[in-house]
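Colleague: Take a look at structure25.txt, compact mmCIF, C-alpha atoms:
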```txt
# COMPACT_ATOMS: atom_id res chain seq x y z
CA MET A 1437 -12.97 -2.12 18.97
CA GLU A 1438 -15.36 -0.76 16.38
CA ALA A 1439 -13.22 -2.20 13.57
CA VAL A 1440 -13.06 -5.56 15.37
CA HIS A 1441 -16.84 -5.58 15.75
CA PHE A 1442 -17.51 -4.98 12.06
CA ALA A 1443 -14.79 -7.36 10.85
CA ALA A 1444 -16.26 -10.14 12.98
CA GLN A 1445 -19.72 -9.56 11.46
CA LEU A 1446 -18.47 -10.77 8.06
CA ASN A 1447 -17.48 -14.13 9.60
CA LEU A 1448 -14.67 -14.64 7.07
CA PRO A 1449 -12.38 -17.67 7.34
CA GLN A 1450 -9.16 -16.90 9.29
CA TRP A 1451 -10.01 -13.18 9.38
CA LEU A 1452 -7.49 -10.84 10.97
CA LEU A 1453 -7.17 -7.10 11.37
CA SER A 1454 -3.57 -6.70 10.36
CA ALA A 1455 -0.61 -4.95 8.84
CA GLY A 1456 -0.15 -1.19 9.13
CA PHE A 1457 -3.39 -0.77 11.02
CA LEU A 1458 -1.97 -2.68 14.01
CA ARG A 1459 1.68 -1.81 13.52
CA ASP A 1460 0.92 1.92 13.55
CA LEU A 1461 -1.30 1.62 16.63
CA VAL A 1462 1.61 0.05 18.51
CA TRP A 1463 4.19 2.52 17.23
CA ASP A 1464 1.88 5.49 17.90
CA ARG A 1465 1.47 4.36 21.51
CA LEU A 1466 5.19 3.71 22.01
CA HIS A 1467 5.95 7.16 20.59
CA GLN A 1468 3.26 8.65 22.83
CA GLN A 1469 1.39 9.90 19.80
CA THR A 1470 -2.35 10.01 19.31
CA PRO A 1471 -3.53 7.26 16.95
CA GLN A 1472 -4.19 8.72 13.54
CA GLU A 1473 -7.68 9.54 12.35
CA PRO A 1474 -9.09 8.39 8.98
CA PRO A 1475 -7.31 9.87 5.96
CA GLN A 1476 -7.41 13.54 5.19
CA GLU A 1477 -4.73 15.63 3.51
CA SER A 1478 -1.71 14.45 5.52
CA SER A 1479 0.31 11.44 4.42
CA ASN A 1480 0.70 10.58 8.11
CA GLN A 1481 -2.96 9.72 8.47
CA LEU A 1482 -4.37 6.21 8.71
CA ASN A 1483 -4.45 4.89 5.16
CA ASP A 1484 -6.68 1.93 5.73
CA ILE A 1485 -7.89 -0.76 8.06
CA ASP A 1486 -6.40 -3.96 6.73
CA LEU A 1487 -8.75 -6.91 7.01
CA ILE A 1488 -7.28 -10.12 5.66
CA TYR A 1489 -8.80 -13.57 5.40
CA PHE A 1490 -8.04 -16.90 3.75
CA ASP A 1491 -10.54 -18.49 1.38
CA PRO A 1492 -8.98 -20.70 -1.32
CA ASP A 1493 -12.42 -21.49 -2.75
CA GLU A 1494 -13.20 -17.89 -3.78
CA LEU A 1495 -10.22 -16.12 -5.34
CA SER A 1496 -11.94 -13.24 -7.11
CA GLU A 1497 -10.96 -9.69 -6.28
CA ALA A 1498 -14.60 -8.81 -6.88
CA GLN A 1499 -15.57 -10.73 -3.74
CA GLU A 1500 -13.12 -8.65 -1.70
CA LYS A 1501 -14.79 -5.51 -3.05
CA ILE A 1502 -18.19 -6.86 -1.99
CA TYR A 1503 -16.87 -7.32 1.57
CA GLU A 1504 -15.35 -3.82 1.51
CA ALA A 1505 -18.65 -2.36 0.34
CA GLN A 1506 -20.50 -4.07 3.17
CA LEU A 1507 -18.01 -2.76 5.73
CA LYS A 1508 -18.28 0.75 4.28
CA LEU A 1509 -22.05 0.52 4.51
CA TRP A 1510 -21.82 -0.40 8.21
CA SER A 1511 -19.03 2.06 8.99
CA PRO A 1512 -18.60 4.65 6.23
CA HIS A 1513 -16.12 6.67 8.28
CA LEU A 1514 -13.57 3.81 8.39
CA PRO A 1515 -11.18 3.27 5.44
CA TRP A 1516 -11.41 -0.49 4.85
CA SER A 1517 -9.09 -2.63 2.72
CA VAL A 1518 -10.03 -6.31 2.41
CA LYS A 1519 -7.67 -8.88 0.89
CA ASN A 1520 -7.99 -12.65 0.53
CA GLN A 1521 -4.52 -13.96 1.27
CA ALA A 1522 -5.32 -17.14 -0.67
CA ARG A 1523 -4.87 -15.15 -3.89
CA MET A 1524 -2.04 -12.80 -2.94
CA HIS A 1525 0.65 -15.30 -3.97
CA ILE A 1526 -0.30 -14.61 -7.59
CA ARG A 1527 0.41 -10.88 -7.28
CA ASN A 1528 3.62 -11.57 -5.36
CA GLN A 1529 4.81 -14.35 -7.69
CA ASP A 1530 5.16 -16.86 -4.84
CA GLU A 1531 4.07 -20.42 -4.41
CA PRO A 1532 0.49 -20.63 -3.03
CA TYR A 1533 0.10 -19.62 0.58
CA MET A 1534 -1.42 -22.08 3.02
CA SER A 1535 -2.97 -19.67 5.54
CA CYS A 1536 -3.06 -16.03 6.55
CA GLU A 1537 -0.08 -16.59 8.81
CA HIS A 1538 1.90 -18.19 5.98
CA ALA A 1539 1.04 -15.29 3.65
CA MET A 1540 2.07 -12.77 6.31
CA SER A 1541 5.47 -14.46 6.54
CA PHE A 1542 6.17 -13.04 3.05
CA TRP A 1543 5.35 -9.42 3.87
CA PRO A 1544 8.27 -6.98 3.34
CA GLU A 1545 8.72 -5.95 7.00
CA CYS A 1546 8.61 -8.38 9.90
CA GLU A 1547 6.84 -5.87 12.16
CA THR A 1548 4.01 -5.40 9.66
CA ALA A 1549 3.29 -9.15 9.75
CA VAL A 1550 0.98 -9.00 12.72
CA GLY A 1551 -2.74 -9.64 12.97
CA VAL A 1552 -5.46 -9.95 15.55
CA HIS A 1553 -8.72 -11.86 15.62
CA PHE A 1554 -11.42 -11.58 18.22
CA SER A 1555 -12.90 -14.87 19.32
CA GLU A 1556 -16.43 -14.13 20.48
CA PRO A 1557 -17.09 -17.48 22.18
CA ASP A 1558 -13.92 -17.08 24.26
CA ASN A 1559 -14.20 -13.28 24.46
CA GLN A 1560 -10.48 -12.88 23.79
CA PHE A 1561 -8.07 -11.52 21.24
CA ILE A 1562 -5.92 -13.99 19.34
CA TRP A 1563 -2.67 -12.60 17.97
CA VAL A 1564 -1.01 -13.98 14.84
CA ALA A 1565 2.57 -12.89 14.21
CA PRO A 1566 4.86 -15.22 12.22
CA PHE A 1567 7.94 -13.29 13.40
CA GLY A 1568 6.67 -12.77 16.94
CA LEU A 1569 5.84 -9.48 18.63
CA ASP A 1570 9.13 -8.62 20.34
CA SER A 1571 10.61 -6.57 17.51
CA LEU A 1572 7.35 -4.67 17.00
CA PHE A 1573 7.24 -3.65 20.65
CA SER A 1574 10.97 -2.91 20.78
CA LEU A 1575 10.55 -0.41 17.92
CA ALA A 1576 12.56 -2.37 15.37
CA LEU A 1577 11.98 -2.15 11.64
CA THR A 1578 13.26 -5.35 10.08
CA HIS A 1579 13.60 -6.38 6.45
CA ASN A 1580 12.01 -9.75 5.70
CA THR A 1581 14.66 -11.65 3.75
CA LYS A 1582 11.94 -13.38 1.70
CA ARG A 1583 11.53 -10.06 -0.11
CA ASP A 1584 14.04 -7.96 -2.01
CA ILE A 1585 15.74 -5.31 0.12
CA SER A 1586 14.87 -2.66 -2.50
CA LEU A 1587 11.15 -3.18 -1.78
CA PHE A 1588 11.80 -2.75 1.94
CA ASN A 1589 13.88 0.40 1.39
CA ALA A 1590 11.26 1.88 -0.94
CA ARG A 1591 8.55 1.32 1.66
CA VAL A 1592 10.65 2.87 4.44
CA THR A 1593 11.11 5.96 2.27
CA GLN A 1594 7.55 6.12 0.89
CA LYS A 1595 5.89 5.72 4.27
CA SER A 1596 8.32 8.08 6.09
CA TRP A 1597 8.44 5.73 9.08
CA LEU A 1598 11.79 7.02 10.34
CA THR A 1599 10.44 10.58 10.38
CA ARG A 1600 7.05 9.75 11.85
CA TYR A 1601 8.56 7.31 14.37
CA PRO A 1602 12.03 8.61 15.25
CA LYS A 1603 12.66 5.92 17.89
CA LEU A 1604 12.60 3.16 15.24
CA ILE A 1605 15.77 1.18 14.72
CA LEU A 1606 16.44 -0.32 11.29
CA ARG A 1607 17.62 -3.92 11.37
```
Turn this file's structure into structure tokens for me.
Modeller:
Amino acid sequence: MEAVHFAAQLNLPQWLLSAGFLRDLVWDRLHQQTPQEPPQESSNQLNDIDLIYFDPDELSEAQEKIYEAQLKLWSPHLPWSVKNQARMHIRNQDEPYMSCEHAMSFWPECETAVGVHFSEPDNQFIWVAPFGLDSLFSLALTHNTKRDISLFNARVTQKSWLTRYPKLILR
């Protein structure tokens, strides 16, 4: 909730806490593991809190760093990573994305493509998941066919998901 609170304070367009931050929280719970603390020496620690947003009018990476710096000022103990999905198509060599949800539909694993936004006026969480939530909660790990399988395989190996989460099923 602390991360949600600070993310909301930036009031970014289409902001979502997303990716490994949420995926790992779900998998930790389903594996009856304690959620990981901020990074230390272990590679199994929380790498970052992924905050994404969509602003096609400001595509500079420098602006993302300004938002990260503000978040680190408010919560220096949290490892923030801020990315404007309106510019990520350039890095990924895709056609321009139309929204955060559209950008997420290109992420290498379907279960990573999940985000949550807190709507203060409604006092509720809004989930965004272009592939749905079923496979995430059923402990699947699915290659997104929009990305090369070698990228997926490299990430599975690099992140040691099958060791850290032995109940995962590759699809």
Colleague: Find the residue from A:Ser1586, A:Gln1499, A:Gln1468, A:Thr1581 that sits nearest to Ser1541 of chain A; use all atoms listed in the file when measuring.
Modeller: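 Looking only at the distances to Ser1541 of chain A, the closest residue turns out to be A:Thr1581.
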Colleague: Need the shell around segment 1451-1453 of chain A: protein/DNA/RNA residues with any atom at most 12 Å away, counting only C-alpha atoms. Skip same-chain ones fewer than 6 positions apart. Format as a count of residues only?
Modeller: 44
Colleague: What is the atom CA of Asn1447 of chain A-atom CA of Asn1483 of chain A distance in Å, reported with one decimal?
Modeller: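 Between these atoms lies a distance of 23.5 Å.
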Colleague: Smallest atom-to-atom distance to Leu1587 of chain A: which of A:Gln1469, A:Ser1454, A:Asn1528, A:Gln1506, using all atoms listed in the file?
Modeller: A:Asn1528
Colleague: Within 9 Å of Leu1466 of chain A, counting all atoms listed in the file, which residues show up once you throw out same-chain ones fewer than 5 positions away? Write them as a PDB file with C-alpha atoms, in the frame of the given file, please.
Modeller:
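Saved the output as result18.pdb:
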```pdb
ATOM      1  CA  LEU A1461      -1.300   1.620  16.630  1.00  0.00           C
ATOM      2  CA  PHE A1573       7.240  -3.650  20.650  1.00  0.00           C
ATOM      3  CA  SER A1574      10.970  -2.910  20.780  1.00  0.00           C
ATOM      4  CA  LEU A1575      10.550  -0.410  17.920  1.00  0.00           C
ATOM      5  CA  LYS A1603      12.660   5.920  17.890  1.00  0.00           C
TER       6      LYS A1603
END
```
Colleague: Hey, can you check how far atom CA of Ile1605 of chain A sits from atom CA of Thr1578 of chain A?
Modeller: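 Distance between the two atoms: 8.4 Å.
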Colleague: Find the residue from A:Asp1584, A:Asp1570, A:Asp1558, A:Glu1531 that sits nearest to Pro1544 of chain A; use only C-alpha atoms when measuring.
Modeller: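 The answer is A:Asp1584, which sits nearest to Pro1544 of chain A.
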Colleague: Which residue is closest to Asp1464 of chain A? Choose from A:Ile1526, A:Ala1590, A:Leu1572, A:Leu1606 and count all atoms listed in the file.
Modeller: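 So, comparing all the options, the nearest one is A:Leu1572.
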Colleague: If I only have part of segment 1549-1562 of chain A, can you fill in N, CA, C and O atoms and write it as a PDB file, in the frame of the given file?
Modeller:
```pdb
ATOM      1  N   ALA A1549       3.914  -7.822   9.774  1.00  0.00           N
ATOM      2  CA  ALA A1549       3.290  -9.150   9.750  1.00  0.00           C
ATOM      3  C   ALA A1549       2.717  -9.493  11.115  1.00  0.00           C
ATOM      4  O   ALA A1549       3.206 -10.347  11.844  1.00  0.00           O
ATOM      5  N   VAL A1550       1.659  -8.787  11.448  1.00  0.00           N
ATOM      6  CA  VAL A1550       0.980  -9.000  12.720  1.00  0.00           C
ATOM      7  C   VAL A1550      -0.527  -8.844  12.481  1.00  0.00           C
ATOM      8  O   VAL A1550      -0.952  -8.007  11.695  1.00  0.00           O
ATOM      9  N   GLY A1551      -1.299  -9.704  13.124  1.00  0.00           N
ATOM     10  CA  GLY A1551      -2.740  -9.640  12.970  1.00  0.00           C
ATOM     11  C   GLY A1551      -3.436 -10.026  14.257  1.00  0.00           C
ATOM     12  O   GLY A1551      -2.843 -10.678  15.123  1.00  0.00           O
ATOM     13  N   VAL A1552      -4.679  -9.621  14.366  1.00  0.00           N
ATOM     14  CA  VAL A1552      -5.460  -9.950  15.550  1.00  0.00           C
ATOM     15  C   VAL A1552      -6.873 -10.345  15.139  1.00  0.00           C
ATOM     16  O   VAL A1552      -7.444  -9.774  14.205  1.00  0.00           O
ATOM     17  N   HIS A1553      -7.364 -11.337  15.824  1.00  0.00           N
ATOM     18  CA  HIS A1553      -8.720 -11.860  15.620  1.00  0.00           C
ATOM     19  C   HIS A1553      -9.406 -11.839  16.976  1.00  0.00           C
ATOM     20  O   HIS A1553      -8.771 -12.094  17.997  1.00  0.00           O
ATOM     21  N   PHE A1554     -10.679 -11.539  16.972  1.00  0.00           N
ATOM     22  CA  PHE A1554     -11.420 -11.580  18.220  1.00  0.00           C
ATOM     23  C   PHE A1554     -12.303 -12.808  18.201  1.00  0.00           C
ATOM     24  O   PHE A1554     -13.135 -12.989  17.306  1.00  0.00           O
ATOM     25  N   SER A1555     -12.111 -13.659  19.183  1.00  0.00           N
ATOM     26  CA  SER A1555     -12.900 -14.870  19.320  1.00  0.00           C
ATOM     27  C   SER A1555     -14.076 -14.573  20.247  1.00  0.00           C
ATOM     28  O   SER A1555     -13.887 -14.422  21.458  1.00  0.00           O
ATOM     29  N   GLU A1556     -15.249 -14.465  19.668  1.00  0.00           N
ATOM     30  CA  GLU A1556     -16.430 -14.130  20.480  1.00  0.00           C
ATOM     31  C   GLU A1556     -16.777 -15.195  21.504  1.00  0.00           C
ATOM     32  O   GLU A1556     -17.098 -14.853  22.641  1.00  0.00           O
ATOM     33  N   PRO A1557     -16.727 -16.497  21.140  1.00  0.00           N
ATOM     34  CA  PRO A1557     -17.090 -17.480  22.180  1.00  0.00           C
ATOM     35  C   PRO A1557     -16.177 -17.413  23.403  1.00  0.00           C
ATOM     36  O   PRO A1557     -16.623 -17.574  24.527  1.00  0.00           O
ATOM     37  N   ASP A1558     -14.883 -17.147  23.159  1.00  0.00           N
ATOM     38  CA  ASP A1558     -13.920 -17.080  24.260  1.00  0.00           C
ATOM     39  C   ASP A1558     -13.770 -15.672  24.810  1.00  0.00           C
ATOM     40  O   ASP A1558     -13.120 -15.465  25.827  1.00  0.00           O
ATOM     41  N   ASN A1559     -14.311 -14.680  24.079  1.00  0.00           N
ATOM     42  CA  ASN A1559     -14.200 -13.280  24.460  1.00  0.00           C
ATOM     43  C   ASN A1559     -12.746 -12.860  24.669  1.00  0.00           C
ATOM     44  O   ASN A1559     -12.397 -12.244  25.667  1.00  0.00           O
ATOM     45  N   GLN A1560     -11.901 -13.241  23.688  1.00  0.00           N
ATOM     46  CA  GLN A1560     -10.480 -12.880  23.790  1.00  0.00           C
ATOM     47  C   GLN A1560      -9.892 -12.585  22.422  1.00  0.00           C
ATOM     48  O   GLN A1560     -10.404 -13.035  21.403  1.00  0.00           O
ATOM     49  N   PHE A1561      -8.813 -11.820  22.453  1.00  0.00           N
ATOM     50  CA  PHE A1561      -8.070 -11.520  21.240  1.00  0.00           C
ATOM     51  C   PHE A1561      -7.048 -12.609  21.001  1.00  0.00           C
ATOM     52  O   PHE A1561      -6.371 -13.059  21.936  1.00  0.00           O
ATOM     53  N   ILE A1562      -6.912 -13.006  19.741  1.00  0.00           N
ATOM     54  CA  ILE A1562      -5.920 -13.990  19.340  1.00  0.00           C
ATOM     55  C   ILE A1562      -4.957 -13.295  18.386  1.00  0.00           C
ATOM     56  O   ILE A1562      -5.366 -12.783  17.341  1.00  0.00           O
TER      57      ILE A1562
END
```
